[in-house]
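To be precise, the following lines are start-v9.csv, and they hold CSV, C-alpha atoms.
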```
chain,number,residue,atom,x,y,z
A,1,ARG,CA,48.8,-42.2,-10.7
A,2,ALA,CA,46.9,-38.9,-11.0
A,3,LYS,CA,46.3,-37.1,-7.7
A,4,ARG,CA,42.7,-37.0,-6.6
A,5,LYS,CA,41.3,-33.5,-6.3
A,6,LYS,CA,40.2,-32.5,-2.9
A,7,ARG,CA,36.5,-32.3,-2.8
A,8,GLY,CA,35.0,-29.2,-1.2
A,9,PRO,CA,32.0,-29.3,1.0
A,10,SER,CA,28.7,-30.2,-0.6
A,11,PRO,CA,26.4,-27.3,-1.5
A,12,ALA,CA,24.1,-28.2,1.4
A,13,THR,CA,27.1,-28.3,3.8
A,14,ALA,CA,28.4,-25.0,2.4
A,15,THR,CA,25.1,-23.3,2.8
A,16,ALA,CA,24.7,-24.6,6.3
A,17,THR,CA,28.2,-23.3,7.2
A,18,THR,CA,27.4,-19.9,5.7
A,19,VAL,CA,24.1,-19.6,7.4
A,20,SER,CA,25.7,-20.7,10.7
A,21,SER,CA,28.4,-18.2,10.3
A,22,ARG,CA,25.9,-15.4,9.6
A,23,LYS,CA,23.9,-16.3,12.6
A,24,LYS,CA,27.0,-16.0,14.8
A,25,VAL,CA,27.9,-12.7,13.3
A,26,VAL,CA,24.4,-11.3,13.9
A,27,LYS,CA,24.4,-12.7,17.4
A,28,ARG,CA,27.7,-11.0,18.2
A,29,SER,CA,26.5,-7.8,16.7
A,30,LYS,CA,23.3,-7.7,18.7
A,31,SER,CA,24.9,-8.7,22.0
A,32,GLY,CA,27.9,-6.5,21.4
A,33,PHE,CA,26.2,-3.1,21.0
A,34,ASP,CA,25.5,-1.2,24.2
A,35,ALA,CA,23.7,2.1,23.7
A,36,LYS,CA,24.8,3.6,26.9
A,37,GLU,CA,28.5,2.7,26.2
A,38,TYR,CA,28.1,4.1,22.7
A,39,VAL,CA,26.9,7.5,23.7
A,40,THR,CA,29.4,7.7,26.6
A,41,LYS,CA,32.2,7.2,24.1
A,42,ASN,CA,30.7,9.9,21.9
A,43,PRO,CA,29.8,12.7,24.3
A,44,HIS,CA,29.4,15.2,21.4
A,45,LEU,CA,26.1,13.4,20.6
A,46,PHE,CA,24.5,14.9,23.7
A,47,GLU,CA,25.0,18.5,22.5
A,48,ARG,CA,23.9,17.5,19.0
A,49,ALA,CA,20.8,15.9,20.4
A,50,ARG,CA,20.0,19.0,22.5
A,51,GLU,CA,20.2,21.2,19.4
A,52,ILE,CA,18.0,18.8,17.4
A,53,ALA,CA,15.4,18.7,20.2
A,54,LYS,CA,15.2,22.5,20.1
A,55,ILE,CA,14.6,22.6,16.4
A,56,LEU,CA,11.9,19.8,16.5
A,57,GLN,CA,10.1,21.5,19.4
A,58,HIS,CA,10.1,24.8,17.5
A,59,LEU,CA,8.7,23.3,14.4
A,60,TYR,CA,6.2,20.9,16.1
A,61,PRO,CA,5.3,22.3,19.5
A,62,ASP,CA,2.2,20.1,20.0
A,63,PRO,CA,2.5,17.1,17.7
A,64,PRO,CA,-0.8,15.2,17.3
A,65,VAL,CA,-1.0,11.5,16.7
A,66,PRO,CA,-1.3,11.1,12.8
A,67,LEU,CA,-4.1,8.6,13.2
A,68,ASN,CA,-7.7,9.6,13.9
A,69,HIS,CA,-9.1,8.0,17.0
A,70,LEU,CA,-11.7,8.5,19.6
A,71,ASP,CA,-10.2,6.6,22.6
A,72,ASN,CA,-7.6,4.0,23.5
A,73,PHE,CA,-9.5,1.3,21.7
A,74,THR,CA,-10.0,3.1,18.4
A,75,LEU,CA,-6.3,4.2,18.6
A,76,LEU,CA,-5.3,0.5,18.9
A,77,VAL,CA,-7.5,-0.3,15.9
A,78,ALA,CA,-6.0,2.5,13.8
A,79,VAL,CA,-2.4,1.5,14.7
A,80,MET,CA,-3.1,-2.1,13.8
A,81,LEU,CA,-4.4,-1.0,10.4
A,82,SER,CA,-1.5,1.3,9.7
A,83,ALA,CA,1.1,-1.5,9.1
A,84,GLN,CA,2.3,-1.1,5.4
A,85,THR,CA,-0.4,1.5,4.9
A,86,THR,CA,-0.3,5.3,4.9
A,87,ASP,CA,-1.9,7.2,7.7
A,88,GLY,CA,-4.1,9.0,5.2
A,89,LYS,CA,-5.5,5.8,3.9
A,90,VAL,CA,-6.1,4.5,7.5
A,91,ASN,CA,-7.9,7.7,8.4
A,92,ASP,CA,-10.1,7.4,5.3
A,93,VAL,CA,-11.1,3.8,6.3
A,94,THR,CA,-11.7,4.5,9.9
A,95,LYS,CA,-14.3,7.2,9.2
A,96,GLU,CA,-16.8,4.4,8.3
A,97,LEU,CA,-15.2,1.8,10.6
A,98,PHE,CA,-15.6,3.8,13.8
A,99,LYS,CA,-19.2,4.6,12.9
A,100,GLN,CA,-20.1,0.9,12.7
A,101,CYS,CA,-17.5,-0.7,15.1
A,102,GLY,CA,-16.4,1.9,17.6
A,103,THR,CA,-16.4,-0.4,20.5
A,104,PRO,CA,-14.9,-3.9,21.2
A,105,LYS,CA,-18.4,-5.4,21.5
A,106,LYS,CA,-19.4,-4.1,18.0
A,107,LEU,CA,-16.1,-5.0,16.4
A,108,ALA,CA,-16.3,-8.6,17.8
A,109,ALA,CA,-19.8,-9.0,16.5
A,110,ILE,CA,-19.2,-8.0,12.9
A,111,SER,CA,-18.6,-10.7,10.3
A,112,PHE,CA,-15.2,-11.1,8.6
A,113,GLU,CA,-16.8,-10.3,5.2
A,114,GLU,CA,-18.4,-7.1,6.5
A,115,LEU,CA,-15.2,-5.9,8.1
A,116,LEU,CA,-13.1,-6.8,5.1
A,117,ALA,CA,-15.5,-4.7,2.8
A,118,ILE,CA,-14.8,-1.7,5.0
A,119,VAL,CA,-11.0,-2.0,5.3
A,120,ARG,CA,-10.2,-3.6,1.9
A,121,SER,CA,-8.2,-0.7,0.7
A,122,VAL,CA,-5.5,-1.0,3.3
A,123,GLY,CA,-2.6,-3.3,2.9
A,124,LEU,CA,-2.9,-6.9,4.2
A,125,ALA,CA,-6.7,-6.3,4.7
A,126,PRO,CA,-7.7,-10.0,5.2
A,127,THR,CA,-5.1,-10.7,7.9
A,128,LYS,CA,-5.8,-7.4,9.6
A,129,SER,CA,-9.6,-8.0,9.5
A,130,ARG,CA,-9.2,-11.4,11.2
A,131,ASN,CA,-6.8,-10.0,13.8
A,132,LEU,CA,-9.1,-7.1,14.6
A,133,ILE,CA,-12.1,-9.3,15.3
A,134,LYS,CA,-10.0,-11.7,17.4
A,135,MET,CA,-8.4,-8.8,19.3
A,136,ALA,CA,-11.8,-7.3,20.1
A,137,GLN,CA,-13.1,-10.6,21.4
A,138,MET,CA,-10.0,-11.1,23.6
A,139,LEU,CA,-10.5,-7.7,25.1
A,140,LEU,CA,-14.1,-8.7,26.0
A,141,ASP,CA,-13.0,-12.1,27.3
A,142,ASN,CA,-9.8,-11.3,29.2
A,143,PHE,CA,-9.7,-7.5,29.8
A,144,ASP,CA,-13.2,-6.4,30.6
A,145,GLY,CA,-13.4,-4.7,27.2
A,146,LYS,CA,-10.6,-2.3,27.9
A,147,VAL,CA,-7.2,-1.9,26.3
A,148,PRO,CA,-4.5,-3.2,28.7
A,149,SER,CA,-1.8,-0.9,29.7
A,150,THR,CA,1.3,-3.2,29.9
A,151,MET,CA,3.6,-4.5,27.2
A,152,GLU,CA,3.1,-8.1,28.4
A,153,GLU,CA,-0.6,-7.9,28.1
A,154,LEU,CA,-0.7,-5.9,24.8
A,155,VAL,CA,1.5,-8.4,22.9
A,156,GLN,CA,-1.0,-11.2,23.8
A,157,LEU,CA,-3.6,-9.6,21.6
A,158,PRO,CA,-3.8,-11.0,18.0
A,159,GLY,CA,-2.0,-8.8,15.5
A,160,VAL,CA,-0.2,-6.7,18.2
A,161,GLY,CA,3.6,-6.8,18.2
A,162,ARG,CA,6.0,-4.8,20.3
A,163,LYS,CA,6.1,-1.8,18.0
A,164,THR,CA,2.3,-1.5,18.0
A,165,ALA,CA,2.3,-2.0,21.8
A,166,SER,CA,5.0,0.6,22.3
A,167,VAL,CA,2.9,3.2,20.3
A,168,ILE,CA,-0.2,2.4,22.4
A,169,LEU,CA,1.8,2.6,25.7
A,170,CYS,CA,3.3,5.9,24.6
A,171,GLN,CA,0.4,7.7,23.0
A,172,ALA,CA,-2.6,6.2,24.9
A,173,PHE,CA,-1.2,5.8,28.4
A,174,GLY,CA,1.7,8.3,28.4
A,175,HIS,CA,4.2,5.6,29.4
A,176,PRO,CA,7.8,6.6,28.4
A,177,SER,CA,8.5,4.8,25.2
A,178,MET,CA,10.4,5.4,22.0
A,179,PRO,CA,8.8,3.4,19.1
A,180,VAL,CA,11.1,3.4,16.1
A,181,ASP,CA,9.5,3.5,12.6
A,182,THR,CA,11.2,3.9,9.2
A,183,HIS,CA,11.4,7.7,9.5
A,184,ILE,CA,12.9,7.6,13.0
A,185,HIS,CA,15.4,5.0,12.0
A,186,ARG,CA,16.4,6.9,8.9
A,187,LEU,CA,16.8,10.3,10.7
A,188,THR,CA,18.8,8.9,13.6
A,189,VAL,CA,21.3,7.3,11.3
A,190,ARG,CA,21.4,10.2,8.9
A,191,TRP,CA,22.0,12.7,11.8
A,192,GLY,CA,24.9,10.6,13.0
A,193,LEU,CA,23.3,9.8,16.3
A,194,ALA,CA,23.6,6.0,15.7
A,195,PRO,CA,26.0,3.9,13.6
A,196,ALA,CA,25.2,3.4,9.9
A,197,ASN,CA,24.5,-0.3,10.5
A,198,ALA,CA,22.3,0.3,13.5
A,199,THR,CA,19.2,-1.9,14.0
A,200,VAL,CA,15.9,-0.8,15.2
A,201,GLN,CA,16.8,-1.9,18.7
A,202,HIS,CA,20.1,0.0,18.5
A,203,VAL,CA,18.3,3.2,17.5
A,204,GLU,CA,15.7,2.8,20.2
A,205,GLY,CA,18.5,2.4,22.8
A,206,VAL,CA,20.5,5.4,21.6
A,207,LEU,CA,17.6,7.7,21.5
A,208,SER,CA,16.5,6.6,24.9
A,209,GLU,CA,20.0,7.5,26.2
A,210,LEU,CA,20.2,10.9,24.4
A,211,PHE,CA,16.8,12.3,25.2
A,212,SER,CA,15.0,12.6,28.6
A,213,ARG,CA,12.2,10.2,29.3
A,214,ASP,CA,9.6,12.9,29.6
A,215,THR,CA,10.2,14.0,25.9
A,216,TRP,CA,10.0,10.5,24.3
A,217,GLY,CA,6.3,10.7,23.4
A,218,ALA,CA,6.6,14.1,21.7
A,219,MET,CA,10.0,13.3,20.2
A,220,HIS,CA,8.6,10.2,18.5
A,221,LEU,CA,5.9,12.2,16.7
A,222,GLN,CA,8.1,15.2,16.0
A,223,MET,CA,10.7,13.0,14.2
A,224,ILE,CA,8.0,11.4,12.1
A,225,TYR,CA,6.6,14.8,11.0
A,226,PHE,CA,10.1,16.1,10.3
A,227,GLY,CA,11.0,13.0,8.3
A,228,ARG,CA,8.0,13.5,6.1
A,229,GLU,CA,8.3,17.2,5.6
A,230,TRP,CA,12.1,18.0,5.7
A,231,CYS,CA,14.2,14.9,5.7
A,232,GLN,CA,12.6,12.6,3.1
A,233,ALA,CA,14.2,9.3,2.1
A,234,ARG,CA,14.6,10.2,-1.6
A,235,ARG,CA,16.0,13.2,-3.4
A,236,HIS,CA,16.9,14.8,0.0
A,237,GLU,CA,19.0,17.9,-0.3
A,238,ALA,CA,21.0,18.3,3.0
A,239,SER,CA,21.7,22.0,2.5
A,240,ASP,CA,18.0,22.8,2.5
A,241,CYS,CA,17.3,20.8,5.7
A,242,PRO,CA,17.2,22.7,9.1
A,243,ILE,CA,19.1,19.8,10.7
A,244,CYS,CA,21.1,18.0,8.0
A,245,SER,CA,22.6,21.3,6.7
A,246,TRP,CA,24.9,21.4,9.7
A,247,VAL,CA,24.9,17.9,11.1
A,248,CYS,CA,25.7,16.1,7.8
A,249,SER,CA,28.5,18.5,7.0
A,250,LYS,CA,30.2,17.7,10.3
A,251,GLN,CA,29.8,14.0,9.7
A,252,LYS,CA,31.5,13.9,6.3
A,253,GLY,CA,34.8,15.1,7.9
A,254,LYS,CA,35.0,18.3,5.8
A,255,LYS,CA,37.6,20.9,6.8
A,256,ASN,CA,36.6,24.2,8.5
A,257,THR,CA,33.3,22.9,9.8
A,258,ASP,CA,33.9,23.5,13.5
A,259,SER,CA,32.2,26.9,13.2
A,260,LEU,CA,29.1,25.4,11.8
A,261,ARG,CA,26.1,25.9,14.1
A,262,PRO,CA,22.4,25.2,13.8
A,263,HIS,CA,20.3,27.8,12.1
A,264,SER,CA,18.6,30.2,14.4
A,265,LEU,CA,15.0,29.4,15.2
A,266,GLU,CA,14.0,32.6,13.5
A,267,ALA,CA,15.9,31.6,10.3
A,268,ILE,CA,14.3,28.2,10.4
A,269,SER,CA,10.8,29.7,10.5
A,270,LYS,CA,11.5,31.5,7.2
A,271,MET,CA,12.8,28.3,5.4
A,272,SER,CA,10.5,26.6,2.9
A,273,SER,CA,10.1,22.9,3.2
A,274,PRO,CA,10.6,20.7,0.1
A,275,LYS,CA,7.8,19.5,-2.1
A,276,LYS,CA,5.8,16.6,-0.7
A,277,ALA,CA,7.3,13.3,-1.7
A,278,SER,CA,3.7,11.9,-2.1
A,279,LYS,CA,0.2,13.3,-2.0
A,280,LYS,CA,-0.6,10.6,0.6
A,281,ILE,CA,1.9,12.0,3.1
A,282,ILE,CA,0.3,14.0,5.9
A,283,LEU,CA,2.3,17.0,7.0
A,284,TYR,CA,2.0,18.7,10.4
A,285,SER,CA,-0.1,21.7,9.2
A,286,GLU,CA,-2.4,19.3,7.3
A,287,ARG,CA,-2.8,17.1,10.3
A,288,LEU,CA,-3.8,19.9,12.6
A,289,LYS,CA,-6.5,20.9,10.1
A,290,ALA,CA,-7.7,17.3,9.6
A,291,LEU,CA,-7.8,16.7,13.3
A,292,ALA,CA,-10.0,19.7,13.9
A,293,GLU,CA,-12.4,18.5,11.2
A,294,PHE,CA,-12.4,15.0,12.6
A,295,GLU,CA,-13.2,16.3,16.1
A,296,ASP,CA,-16.1,18.4,14.7
A,297,ALA,CA,-17.6,15.4,13.0
A,298,PHE,CA,-17.2,12.8,15.7
A,299,VAL,CA,-16.6,14.5,19.1
A,300,ASN,CA,-18.7,17.6,18.8
```
Show how you would write the structure in this file as structure tokens.
Amino acid sequence: RAKRKKRGPSPATATATTVSSRKKVVKRSKSGFDAKEYVTKNPHLFERAREIAKILQHLYPDPPVPLNHLDNFTLLVAVMLSAQTTDGKVNDVTKELFKQCGTPKKLAAISFEELLAIVRSVGLAPTKSRNLIKMAQMLLDNFDGKVPSTMEELVQLPGVGRKTASVILCQAFGHPSMPVDTHIHRLTVRWGLAPANATVQHVEGVLSELFSRDTWGAMHLQMIYFGREWCQARRHEASDCPICSWVCSKQKGKKNTDSLRPHSLEAISKMSSPKKASKKIILYSERLKALAEFEDAFVN
């Protein structure tokens, strides 16, 4: 009698087993990473972080928020619009938006169709339009028309997640916070400050350990500007970067790199930044000029 072949698990069971295993792995990864323990085991990261902070402060001594805004409310509106959209596009849209809906009362009163016509060029415009109107109404109903200043209250607002709330707490209220966007995540890993497989939460934890709380707000913006100007995601040449030119060489384990030191601040001032990756990207010098023009038009 022929032996019966052992049947493996059904596709459904196999899929369920694989998904279950993945969930366990992810759970162990998230619960197993301790930022404080990580930097303690790698004390050289503190010296690296200090040198990086010096360079960023030299290049961007007074980094402005990339998004135009008039107050805490318009900053919240701009940040909500910025998801999957360039800052330049958001600033173009808010020129008209702030003229018509610069307060919670005015934004709550506008119709969905009218608002969508103004913000249509940004990504996810229909969803953002609905959330903006609902957010403005909730501010009027629950917060006396003012933007709340706690994480717990901010995330109650429609369309506001923890990342948006962190930006508002940091830039509007000066609360110590280190929001992590795509630039900050890329730079932190590229500079060897966090593991290659680090999550956004891991990066936030590591940066919070390496840099003092009173620098988090400026550091958040400085890293964004540096990522756009010097440390772009594609076609990045490490040797031309004021930071990667010495950090990345040490990471790769090359011989005779112990003598490598950061460029002097004077030498960095003479370096030429790479060509812009996109015309839509706003560089530091461009932002300073645009901010002055915005203030002349709206504030003055």
Listing only residues of range 42-125 of chain A within 10 Å of range 149-171 of chain A, what is the closest atom pair and its distance in Å (to one decimal) for each, using only C-alpha atoms, sorted by chain and residue number ascending, as CSV?
```
residue,atom,partner,partner_atom,distance
A:Pro64,CA,A:Gln171,CA,9.5
A:Val65,CA,A:Gln171,CA,7.5
A:Asn72,CA,A:Ile168,CA,7.7
A:Phe73,CA,A:Ile168,CA,9.4
A:Leu75,CA,A:Ile168,CA,7.4
A:Leu76,CA,A:Ile168,CA,6.5
A:Val77,CA,A:Val160,CA,10.0
A:Val79,CA,A:Thr164,CA,6.5
A:Met80,CA,A:Thr164,CA,6.9
A:Leu81,CA,A:Gly159,CA,9.6
A:Ser82,CA,A:Thr164,CA,9.5
A:Ala83,CA,A:Thr164,CA,9.0
```
request  = Mind giving me the straight-line distance from CA of Trp216 in chain A to CA of Phe173 in chain A in Å, one decimal?
outcome  =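 About the pair CA of Trp216 in chain A and CA of Phe173 in chain A: they are 12.8 Å apart.
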ask   = Between A:Ser177, A:Thr103, A:Thr182, A:Ser121, which is the closest to Val147 in chain A once you count only C-alpha atoms?
value = A:Thr103
ask   = Quick one, how far is CA of Glu229 in chain A from CA of Lys276 in chain A?
value = 6.8 Å
Residue nearest Gln201 in chain A among A:Phe226, A:Asn131, A:Pro242, A:Phe33 (counting all atoms listed in the file) =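 Closest residue, counting all atoms listed in the file: A:Phe33.
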Nearest to Arg228 in chain A by atom-to-atom distance, counting all atoms listed in the file, from A:Pro61, A:Gly145, A:Pro274, A:Pro195 =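 Once distances to Arg228 in chain A are computed over all atoms listed in the file, the minimum belongs to A:Pro274.
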query = What is the distance between CA of Lys89 in chain A and CA of Phe112 in chain A, in Å to one decimal?
reply =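 That distance, rounded to one decimal, is 20.0 Å.
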Go through range 133-202 of chain A and flag each residue having an atom no more than 12 Å from range 235-241 of chain A; for those, report the closest pair of atoms plus their distance in Å to one decimal, using all atoms listed in the file, ordered by chain and rising number, as JSON lines.
```
{"residue": "A:Arg186", "atom": "CA", "partner": "A:His236", "partner_atom": "CA", "distance": 11.9}
{"residue": "A:Leu187", "atom": "CA", "partner": "A:His236", "partner_atom": "CA", "distance": 11.6}
{"residue": "A:Arg190", "atom": "CA", "partner": "A:Ala238", "partner_atom": "CA", "distance": 10.0}
{"residue": "A:Trp191", "atom": "CA", "partner": "A:Ala238", "partner_atom": "CA", "distance": 10.5}
```
message = My list of candidates is A:Phe211, A:Thr86, A:Ala194, A:His58. Which is closest to Ala267 in chain A when distances are computed with all atoms listed in the file?
response = A:His58
inquiry  = Please determine, counting all atoms listed in the file, which residue among A:Gly217, A:Gly123, A:Pro43, A:Gly174 has the shortest atom-to-atom distance to Val93 in chain A.
reply    =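 For Val93 in chain A, the nearest of the given residues is A:Gly123.
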request  = Considering all atoms listed in the file, state which residue in the set A:Ile55, A:Pro104, A:Met178, A:Leu97 is at the smallest distance from Leu116 in chain A.
outcome  =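 That would be A:Leu97, the residue with the smallest distance to Leu116 in chain A.
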message = Need to verify the contact set: range 289-296 of chain A, 10 Å, all atoms listed in the file, exclusion of same-chain residues closer than 5 positions in sequence. Can you return it as a ChimeraX atom specification?
response = /A:64-70,91,95,282,284
Put those residues in a file: C-alpha atoms, as an mmCIF file, in the coordinates of the input.
```cif
data_model
loop_
_atom_site.group_PDB
_atom_site.id
_atom_site.type_symbol
_atom_site.label_atom_id
_atom_site.label_comp_id
_atom_site.auth_asym_id
_atom_site.auth_seq_id
_atom_site.Cartn_x
_atom_site.Cartn_y
_atom_site.Cartn_z
ATOM 1 C CA PRO A 64 -0.800 15.200 17.300
ATOM 2 C CA VAL A 65 -1.000 11.500 16.700
ATOM 3 C CA PRO A 66 -1.300 11.100 12.800
ATOM 4 C CA LEU A 67 -4.100 8.600 13.200
ATOM 5 C CA ASN A 68 -7.700 9.600 13.900
ATOM 6 C CA HIS A 69 -9.100 8.000 17.000
ATOM 7 C CA LEU A 70 -11.700 8.500 19.600
ATOM 8 C CA ASN A 91 -7.900 7.700 8.400
ATOM 9 C CA LYS A 95 -14.300 7.200 9.200
ATOM 10 C CA ILE A 282 0.300 14.000 5.900
ATOM 11 C CA TYR A 284 2.000 18.700 10.400
#
```
